[in-house]
Amino acid sequence: MSAASAPARPRVGLFATCLVDLIRPSVGFAAANLIEQAGCEVVVPPQTCCGQPAFNNGDRATARDLALQAIDAFQGVDYVVAPSGSCAGQLKKHVPELFAGEPDLSRRADAFAAKVFELVTFLVDVRGMTSVQARFDGVVTYHDSCAGLRELGVKAQPRKLLESVQGLTIAEMKDPDVCCGFGGTFAVKYGEISDAIVAKKADNVVAAGAGTLLAGDLGCLMNMAGKLQREGRPVRVRHVAEVLAGMGEEPAIGEPTRGE
Amino acid sequence: MTAHFTSPAFKENAHQALHDPALQRALGNVESGFIAKRRKAADKLPEFEALRDSARDIKNHTLAHLDLYLEAYEAKVTAAGGHVHFAPTAEDASKIVTDICRRVGARTVAKGKSMISEEIELNAHLEAAGVKPIETDLGEYIIQLRGERPSHIVAPVIHLNRDQIESDFRRVHSDLPAERDLHAPESLLAEARGVLRKRFLEADVGITGANFLVAETGTSIIVTNEGNGDLSQTLPRVHIVLASIEKLVPTLEDASQMLRVLARSATGQEISVYTTFSTGPRRAGDVDGPEEYHVVLLDNGRSAMLAGEFREMLRCIRCAACMNHCPVYHAVGGHAYGWVYPGPMGSVLSPSLIGVDKAGHLPNASTFCGRCESVCPVRIPLPKLMRHWREREFERHLSPATVRSGLRLWGFFARRPRLYRLATRTAMGALALLGRRKGRFRSLPLAGGWTATRDFAAPEGSTFQAQWAARKDRA
Ligand code: SF4
């Protein structure tokens, strides 16, 4: 959709992603809050998963079914926004591949893909957001998750918004753009290798001297948090949207929830 | 003789590699060495990205007309007095080479670095025919001393530390004084040179690989940093070039473009120290060169790739940038992959060459981080091609049963949004209750691969969709 034809208050379908839906709903609320701050209306159509686990395990039939399900569910919105570079990459880059050579489906898939954005790039590149109203007292380090970085060019945008958070300082780690070893089902299928990769990442995170690690993908975050916590390292781990939405006081990933 | 590989045992190989402290120390050099050098070389050349496009296009064009370029190349080599032999299989290629060696009564052959020689296991064939192969590339020479395989396609001994090489030299070069100082890496190189010089002179046949074959002129081109390629091909009476069919490029101009991206991508050099061109045998009046010149062109499954979804892999110029940037390669090294070609390029190529039933782990053992594709000088979409292998494995029911049944169960729910919401709300509620005190789990059924070494965050409670719906209802 071109800027000229965009409605004054676009309707954004929030694709929460299955991990956020199941494990950390607060990221979904943080995302909704930010999208609203960017002058949009947020809706949450019924959803399950973008289909990436099937796609990356060679099960194209299931990946296609889930892609079509998402295309149908998000028909009435102007944008589809996901707080994950990996799921947004699946929906934006790979869904069209699944229907290549089938004119009707391919047209629908392309139109759908054109509406899909990763959360922070949507805020900055599409909505022109340059700062957020949030406070976070502490030093953070930011990990560039692979799919967001290499498929969607997520790199400068989160740092730009983080710089506007009051009280926050960024301390870059060594090799922030190197994989954390998550890789979806890879982390379980090749757990030992995945662990060796995340061990290096954890060392780099700790060496950066930040109290908080941020990234834009919950899968990677859970992997890194799981390693840091198992090793008893004093780094808290959060999705970048939580800090940008001013929710940085809530329990971090893998910490006990309060009260209830 | 069939190919020797341990790719089916990839996981066990990886386990061993991860617990080998010397290997882990050596692998640190991959990360610290190659990556920064490539970055620097690429940054210094403003047109580097455009050159990559053009390298991709040159290769695509060549592959689209490969039959024509092969014919043109053969005609030129023949006109220059050389012989071209087509080898459909690895076995054929080895036989052609050993037959030539037998015919000329060769007792020793001097070899330049050639991955094709590794692919066809030429040394074993030569030895079986009573011909002694001598590797003249320093890395390959060390590999030969140790009875190993290269662990990297550009730096064959990247898995070794200096002291391991020193002790090999002391063991094998036992005629040299025991008290000699081999501490500096240069002294190792000098010693190897001294030993190898003698052998060059004894060799009856020289065998080299090829980085490029030029159709326009019938020229084969190799790049080295040691100059051993020159000696292997100019000193012996007979020169055999061993190359696979996708090494063709149309013109010398094209070759020079490819060379510009090759050296920068491989070692961060602007150009390799030696770039050697050879076209046919010695002509009347030439001061040196071989009396006989042969080119053995290996297919070994490549023309089948040409027709299918793995065609793009044939653009590969063996620069090794993909493995130099691969987190999995950094963790386990090249030998774990179990055959000749490691890292991302091997994970696509090996299943094509030895069968996906045997090399099936390789395309799966990737996080799909995409760093390989981002540095590949000919822009091969390596993750996409690995995914194509996963699709074939899935179709042929070769993927592990646990993965298949897990996917089936998950797919069943994911296809039914209502049921999914119901089931996940209940399941997450229960899990959240279980994990509430700590906020994470130290072990979880079916996720042992994860929880053996990492905690797993407990769900916050109800799902996002349930909470969102509840909020909307309240509003
Ligand atoms: S796949 Fe690309 S990066 Fe890897 S060796 Fe081949 S040309 Fe180099």
# chains A, B, ... in the order shown; residues from 1 in each chain; ligands from 1
$ residues_around --residues "B:Ala432" --least-positions-apart "3" --cutoff "6 Å" --atoms "only C-alpha atoms" --output "PyMOL selection string"
chain B and resi 428-429+435-436+458-461
$ residues_around --residues "B:Ile380" --least-positions-apart "6" --cutoff "7 Å" --atoms "only C-alpha atoms" --output "list in words"
Glu312, Met313 and Glu373 of chain B
$ write_last_selection --atoms "N, CA and C atoms" --output "PDB file, in the first residue's frame"
ATOM      1  N   GLU B 312      21.569 -24.207  -8.920  1.00  0.00           N
ATOM      2  CA  GLU B 312      22.305 -23.016  -8.483  1.00  0.00           C
ATOM      3  C   GLU B 312      23.588 -23.363  -7.736  1.00  0.00           C
ATOM      4  N   MET B 313      23.608 -24.571  -7.162  1.00  0.00           N
ATOM      5  CA  MET B 313      24.797 -24.989  -6.417  1.00  0.00           C
ATOM      6  C   MET B 313      26.009 -25.103  -7.344  1.00  0.00           C
ATOM      7  N   GLU B 373      24.678 -17.316   2.856  1.00  0.00           N
ATOM      8  CA  GLU B 373      24.150 -16.712   1.634  1.00  0.00           C
ATOM      9  C   GLU B 373      24.579 -15.248   1.546  1.00  0.00           C
TER      10      GLU B 373
END
$ residues_near_ligand --ligand "ligand 1" --cutoff "8 Å" --atoms "only C-alpha atoms and all ligand atoms" --output "JSON, numbers by chain"
{"B": [153, 262, 265, 266, 313, 315, 316, 317, 318, 319, 320, 321, 322, 323, 343, 344, 345, 372, 373, 375, 376, 377, 378, 379, 380, 382]}
$ interface_residues --of "chain B" --to "chain A" --cutoff "6 Å" --atoms "only C-alpha atoms" --output "list in words"
Thr367, Cys369, Arg390, Glu391, Phe394, Ala414, Pro417, Arg436, Arg437, Lys438, Gly439, Arg440, Gly449, Trp450, Arg454, Asp455, Phe456, Ala457, Pro459, Glu460, Thr463 and Phe464 of chain B
$ select_by_dssp --residues "stretch 107-196 of chain A" --states "strand (DSSP E or B)" --output "list in words"
Val116, Phe117, Glu118, Arg135, Phe136, Asp137, Gly138, Val139, Val140, Thr141, Tyr142, Gln166, Gly167, Leu168, Thr169 and Ile170 of chain A
$ atom_distance --atom1 "atom CA of B:Ala203" --atom2 "atom CA of B:Ala110"
5.7 Å
$ select_by_dssp --residues "stretch 17-56 of chain A" --states "alpha helix (DSSP H)" --output "list in words"
Cys18, Leu19, Val20, Asp21, Leu22, Pro25, Ser26, Val27, Gly28, Phe29, Ala30, Ala31, Ala32, Asn33, Leu34, Ile35, Glu36, Gln37, Gln52, Pro53, Ala54, Phe55 and Asn56 of chain A
$ residues_around --residues "stretch 12-29 of chain B" --least-positions-apart "5" --cutoff "8 Å" --atoms "only C-alpha atoms" --output "compact mmCIF listing (two decimals) with N, CA, C and O atoms, in the first residue's frame"
# COMPACT_ATOMS: atom_id res chain seq x y z
N GLU A 192 23.06 -30.25 21.14
CA GLU A 192 24.43 -30.07 21.60
C GLU A 192 25.14 -28.96 20.82
O GLU A 192 25.89 -28.16 21.38
N ILE A 193 24.90 -28.93 19.51
CA ILE A 193 25.54 -27.90 18.67
C ILE A 193 24.91 -26.55 19.00
O ILE A 193 25.59 -25.53 19.15
N ALA A 196 26.42 -25.20 22.02
CA ALA A 196 27.77 -24.67 21.85
C ALA A 196 27.71 -23.26 21.25
O ALA A 196 28.51 -22.38 21.61
N PHE B 34 39.49 -15.49 8.94
CA PHE B 34 38.89 -15.24 7.63
C PHE B 34 37.89 -14.09 7.58
O PHE B 34 37.83 -13.34 6.61
N ILE B 158 43.03 -26.47 8.87
CA ILE B 158 42.55 -25.45 9.81
C ILE B 158 42.19 -26.09 11.15
O ILE B 158 42.13 -25.42 12.17
N HIS B 159 41.99 -27.41 11.17
CA HIS B 159 41.62 -28.08 12.41
C HIS B 159 42.82 -28.40 13.29
O HIS B 159 42.67 -28.96 14.36
N LEU B 160 44.03 -28.08 12.80
CA LEU B 160 45.23 -28.44 13.57
C LEU B 160 45.89 -27.21 14.16
O LEU B 160 45.79 -26.11 13.62
N ASN B 161 46.60 -27.42 15.26
CA ASN B 161 47.41 -26.37 15.86
C ASN B 161 48.86 -26.56 15.45
O ASN B 161 49.27 -27.66 15.06
N HIS B 330 31.82 -23.41 12.77
CA HIS B 330 32.69 -22.91 13.85
C HIS B 330 32.63 -23.82 15.08
O HIS B 330 33.60 -23.97 15.79
N ALA B 331 31.46 -24.41 15.31
CA ALA B 331 31.30 -25.23 16.51
C ALA B 331 31.92 -26.62 16.33
O ALA B 331 32.54 -27.13 17.25
N VAL B 332 31.74 -27.22 15.16
CA VAL B 332 32.12 -28.64 15.03
C VAL B 332 33.26 -28.90 14.06
O VAL B 332 33.80 -30.00 14.02
N GLY B 333 33.63 -27.91 13.22
CA GLY B 333 34.71 -28.12 12.27
C GLY B 333 34.28 -28.96 11.09
O GLY B 333 33.14 -29.43 11.01
N HIS B 335 35.47 -31.98 9.75
CA HIS B 335 35.44 -33.44 9.70
C HIS B 335 34.09 -34.02 10.14
O HIS B 335 33.70 -35.09 9.69
N ALA B 336 33.39 -33.28 11.00
CA ALA B 336 32.11 -33.79 11.50
C ALA B 336 31.13 -34.05 10.35
O ALA B 336 30.29 -34.94 10.44
N TYR B 337 31.24 -33.27 9.29
CA TYR B 337 30.30 -33.42 8.17
C TYR B 337 30.47 -34.77 7.46
O TYR B 337 29.61 -35.19 6.71
N GLY B 338 31.63 -35.37 7.68
CA GLY B 338 31.76 -36.76 7.30
C GLY B 338 32.13 -37.07 5.87
O GLY B 338 32.22 -38.24 5.49
$ residues_around --residues "B:Leu259" --least-positions-apart "3" --cutoff "10 Å" --atoms "only C-alpha atoms" --output "ChimeraX atom specification"
/B:55,211-212,221-223,253-256,262-265,270-272,275,317
$ atom_distance --atom1 "atom CA of A:Glu172" --atom2 "atom CA of A:Tyr142"
6.7 Å
$ atom_distance --atom1 "atom CA of A:Leu91" --atom2 "atom CA of B:Glu393"
23.5 Å
$ closest_residue --among "B:Ile165, B:Ile134, B:Ser405, B:Ala243" --to "B:Arg146" --atoms "only C-alpha atoms"
B:Ile165
$ closest_residue --among "B:Leu248, B:Asp473, B:Glu395, B:Gly285" --to "B:Ala64" --atoms "only C-alpha atoms"
B:Leu248
$ residues_around --residues "A:His239" --least-positions-apart "5" --cutoff "8 Å" --atoms "only C-alpha atoms" --output "list of chain:residue names"
A:Val27, A:Leu214, A:Ala215, A:Gly216, A:Asp217, A:Leu218, A:Leu221
$ write_last_selection --atoms "N, CA, C and O atoms" --output "mmCIF file, in the first residue's frame"
data_model
loop_
_atom_site.group_PDB
_atom_site.id
_atom_site.type_symbol
_atom_site.label_atom_id
_atom_site.label_comp_id
_atom_site.auth_asym_id
_atom_site.auth_seq_id
_atom_site.Cartn_x
_atom_site.Cartn_y
_atom_site.Cartn_z
ATOM 1 N N VAL A 27 4.442 -9.562 25.533
ATOM 2 C CA VAL A 27 5.057 -9.010 24.318
ATOM 3 C C VAL A 27 3.961 -8.597 23.329
ATOM 4 O O VAL A 27 4.069 -7.572 22.654
ATOM 5 N N LEU A 214 18.383 -7.554 24.997
ATOM 6 C CA LEU A 214 17.153 -7.383 24.224
ATOM 7 C C LEU A 214 17.317 -7.967 22.834
ATOM 8 O O LEU A 214 18.424 -8.041 22.301
ATOM 9 N N ALA A 215 16.200 -8.386 22.240
ATOM 10 C CA ALA A 215 16.184 -8.794 20.836
ATOM 11 C C ALA A 215 14.741 -8.727 20.380
ATOM 12 O O ALA A 215 13.842 -8.454 21.188
ATOM 13 N N GLY A 216 14.514 -8.991 19.117
ATOM 14 C CA GLY A 216 13.177 -8.843 18.567
ATOM 15 C C GLY A 216 12.473 -10.148 18.286
ATOM 16 O O GLY A 216 11.435 -10.159 17.627
ATOM 17 N N ASP A 217 13.034 -11.274 18.745
ATOM 18 C CA ASP A 217 12.441 -12.580 18.461
ATOM 19 C C ASP A 217 12.401 -13.428 19.722
ATOM 20 O O ASP A 217 13.450 -13.709 20.312
ATOM 21 N N LEU A 218 11.215 -13.870 20.099
ATOM 22 C CA LEU A 218 11.090 -14.585 21.357
ATOM 23 C C LEU A 218 11.833 -15.926 21.362
ATOM 24 O O LEU A 218 12.360 -16.342 22.395
ATOM 25 N N LEU A 221 15.330 -15.215 22.153
ATOM 26 C CA LEU A 221 15.394 -14.702 23.526
ATOM 27 C C LEU A 221 15.283 -15.831 24.536
ATOM 28 O O LEU A 221 16.010 -15.870 25.530
#
$ residues_around --residues "B:Ala80" --least-positions-apart "5" --cutoff "10 Å" --atoms "only C-alpha atoms" --output "list in words"
Glu74, Ala75, Thr217, Gly218, Thr219, Thr279, Gly280, Pro281, Arg282, Arg283 and Tyr293 of chain B
$ write_last_selection --atoms "N, CA, C and O atoms" --output "PDB file, in the first residue's frame"
ATOM      1  N   GLU B  74      36.819 -28.207 -25.238  1.00  0.00           N
ATOM      2  CA  GLU B  74      37.498 -29.424 -25.690  1.00  0.00           C
ATOM      3  C   GLU B  74      38.220 -29.179 -27.015  1.00  0.00           C
ATOM      4  O   GLU B  74      39.370 -29.600 -27.208  1.00  0.00           O
ATOM      5  N   ALA B  75      37.532 -28.474 -27.925  1.00  0.00           N
ATOM      6  CA  ALA B  75      38.137 -28.205 -29.240  1.00  0.00           C
ATOM      7  C   ALA B  75      39.431 -27.413 -29.085  1.00  0.00           C
ATOM      8  O   ALA B  75      40.438 -27.693 -29.748  1.00  0.00           O
ATOM      9  N   THR B 217      39.729 -20.208 -24.792  1.00  0.00           N
ATOM     10  CA  THR B 217      41.138 -20.461 -25.088  1.00  0.00           C
ATOM     11  C   THR B 217      41.586 -21.884 -24.764  1.00  0.00           C
ATOM     12  O   THR B 217      42.701 -22.267 -25.091  1.00  0.00           O
ATOM     13  N   GLY B 218      40.756 -22.658 -24.066  1.00  0.00           N
ATOM     14  CA  GLY B 218      41.180 -23.994 -23.644  1.00  0.00           C
ATOM     15  C   GLY B 218      42.179 -23.950 -22.499  1.00  0.00           C
ATOM     16  O   GLY B 218      42.948 -24.888 -22.292  1.00  0.00           O
ATOM     17  N   THR B 219      42.131 -22.868 -21.731  1.00  0.00           N
ATOM     18  CA  THR B 219      43.091 -22.674 -20.642  1.00  0.00           C
ATOM     19  C   THR B 219      42.522 -23.180 -19.320  1.00  0.00           C
ATOM     20  O   THR B 219      41.327 -23.039 -19.067  1.00  0.00           O
ATOM     21  N   THR B 279      47.773 -24.060 -20.953  1.00  0.00           N
ATOM     22  CA  THR B 279      47.014 -24.370 -22.168  1.00  0.00           C
ATOM     23  C   THR B 279      47.824 -25.355 -22.999  1.00  0.00           C
ATOM     24  O   THR B 279      48.736 -24.958 -23.713  1.00  0.00           O
ATOM     25  N   GLY B 280      47.543 -26.622 -22.861  1.00  0.00           N
ATOM     26  CA  GLY B 280      48.207 -27.614 -23.705  1.00  0.00           C
ATOM     27  C   GLY B 280      49.641 -27.908 -23.300  1.00  0.00           C
ATOM     28  O   GLY B 280      50.186 -27.299 -22.377  1.00  0.00           O
ATOM     29  N   PRO B 281      50.276 -28.845 -24.001  1.00  0.00           N
ATOM     30  CA  PRO B 281      51.648 -29.248 -23.693  1.00  0.00           C
ATOM     31  C   PRO B 281      52.671 -28.219 -24.200  1.00  0.00           C
ATOM     32  O   PRO B 281      52.308 -27.248 -24.845  1.00  0.00           O
ATOM     33  N   ARG B 282      53.915 -28.485 -23.917  1.00  0.00           N
ATOM     34  CA  ARG B 282      55.020 -27.635 -24.361  1.00  0.00           C
ATOM     35  C   ARG B 282      55.045 -27.543 -25.894  1.00  0.00           C
ATOM     36  O   ARG B 282      54.899 -28.553 -26.579  1.00  0.00           O
ATOM     37  N   ARG B 283      55.169 -26.334 -26.397  1.00  0.00           N
ATOM     38  CA  ARG B 283      55.270 -26.169 -27.853  1.00  0.00           C
ATOM     39  C   ARG B 283      56.739 -26.089 -28.234  1.00  0.00           C
ATOM     40  O   ARG B 283      57.584 -25.815 -27.375  1.00  0.00           O
ATOM     41  N   TYR B 293      49.632 -33.326 -22.116  1.00  0.00           N
ATOM     42  CA  TYR B 293      48.701 -32.486 -21.347  1.00  0.00           C
ATOM     43  C   TYR B 293      47.308 -33.112 -21.413  1.00  0.00           C
ATOM     44  O   TYR B 293      46.753 -33.291 -22.503  1.00  0.00           O
TER      45      TYR B 293
END
$ decode --residues "stretch 158-199 of chain A" --atoms "C-alpha atoms" --output "CSV table (one decimal), in the first residue's frame"
chain,number,residue,atom,x,y,z
A,158,PRO,CA,15.4,-0.9,17.1
A,159,ARG,CA,18.6,0.9,18.1
A,160,LYS,CA,17.2,4.2,17.0
A,161,LEU,CA,14.1,3.8,19.1
A,162,LEU,CA,16.0,2.4,22.1
A,163,GLU,CA,18.2,5.5,22.1
A,164,SER,CA,15.1,7.6,22.7
A,165,VAL,CA,14.2,5.7,25.9
A,166,GLN,CA,15.0,7.8,28.9
A,167,GLY,CA,17.7,6.4,31.2
A,168,LEU,CA,18.7,3.7,28.8
A,169,THR,CA,22.3,3.2,27.5
A,170,ILE,CA,23.2,0.7,24.8
A,171,ALA,CA,26.4,-1.3,25.1
A,172,GLU,CA,27.1,-3.3,21.9
A,173,MET,CA,28.3,-6.9,22.4
A,174,LYS,CA,30.9,-8.5,20.2
A,175,ASP,CA,29.3,-10.1,17.1
A,176,PRO,CA,25.7,-9.0,17.8
A,177,ASP,CA,24.8,-10.2,14.3
A,178,VAL,CA,26.0,-13.8,14.8
A,179,CYS,CA,23.3,-16.5,15.3
A,180,CYS,CA,22.4,-17.4,18.9
A,181,GLY,CA,22.0,-21.1,17.9
A,182,PHE,CA,18.2,-21.2,18.2
A,183,GLY,CA,17.2,-22.1,14.6
A,184,GLY,CA,13.7,-23.3,15.6
A,185,THR,CA,13.5,-27.1,15.9
A,186,PHE,CA,17.3,-27.1,15.3
A,187,ALA,CA,17.7,-26.2,19.0
A,188,VAL,CA,16.1,-29.5,20.0
A,189,LYS,CA,17.2,-31.7,17.1
A,190,TYR,CA,20.8,-30.7,17.3
A,191,GLY,CA,20.7,-29.6,21.0
A,192,GLU,CA,24.4,-30.1,21.6
A,193,ILE,CA,25.5,-27.9,18.7
A,194,SER,CA,22.9,-25.3,19.4
A,195,ASP,CA,24.2,-25.2,23.0
A,196,ALA,CA,27.8,-24.7,21.9
A,197,ILE,CA,26.6,-21.7,19.7
A,198,VAL,CA,24.5,-20.1,22.4
A,199,ALA,CA,27.4,-20.6,24.9
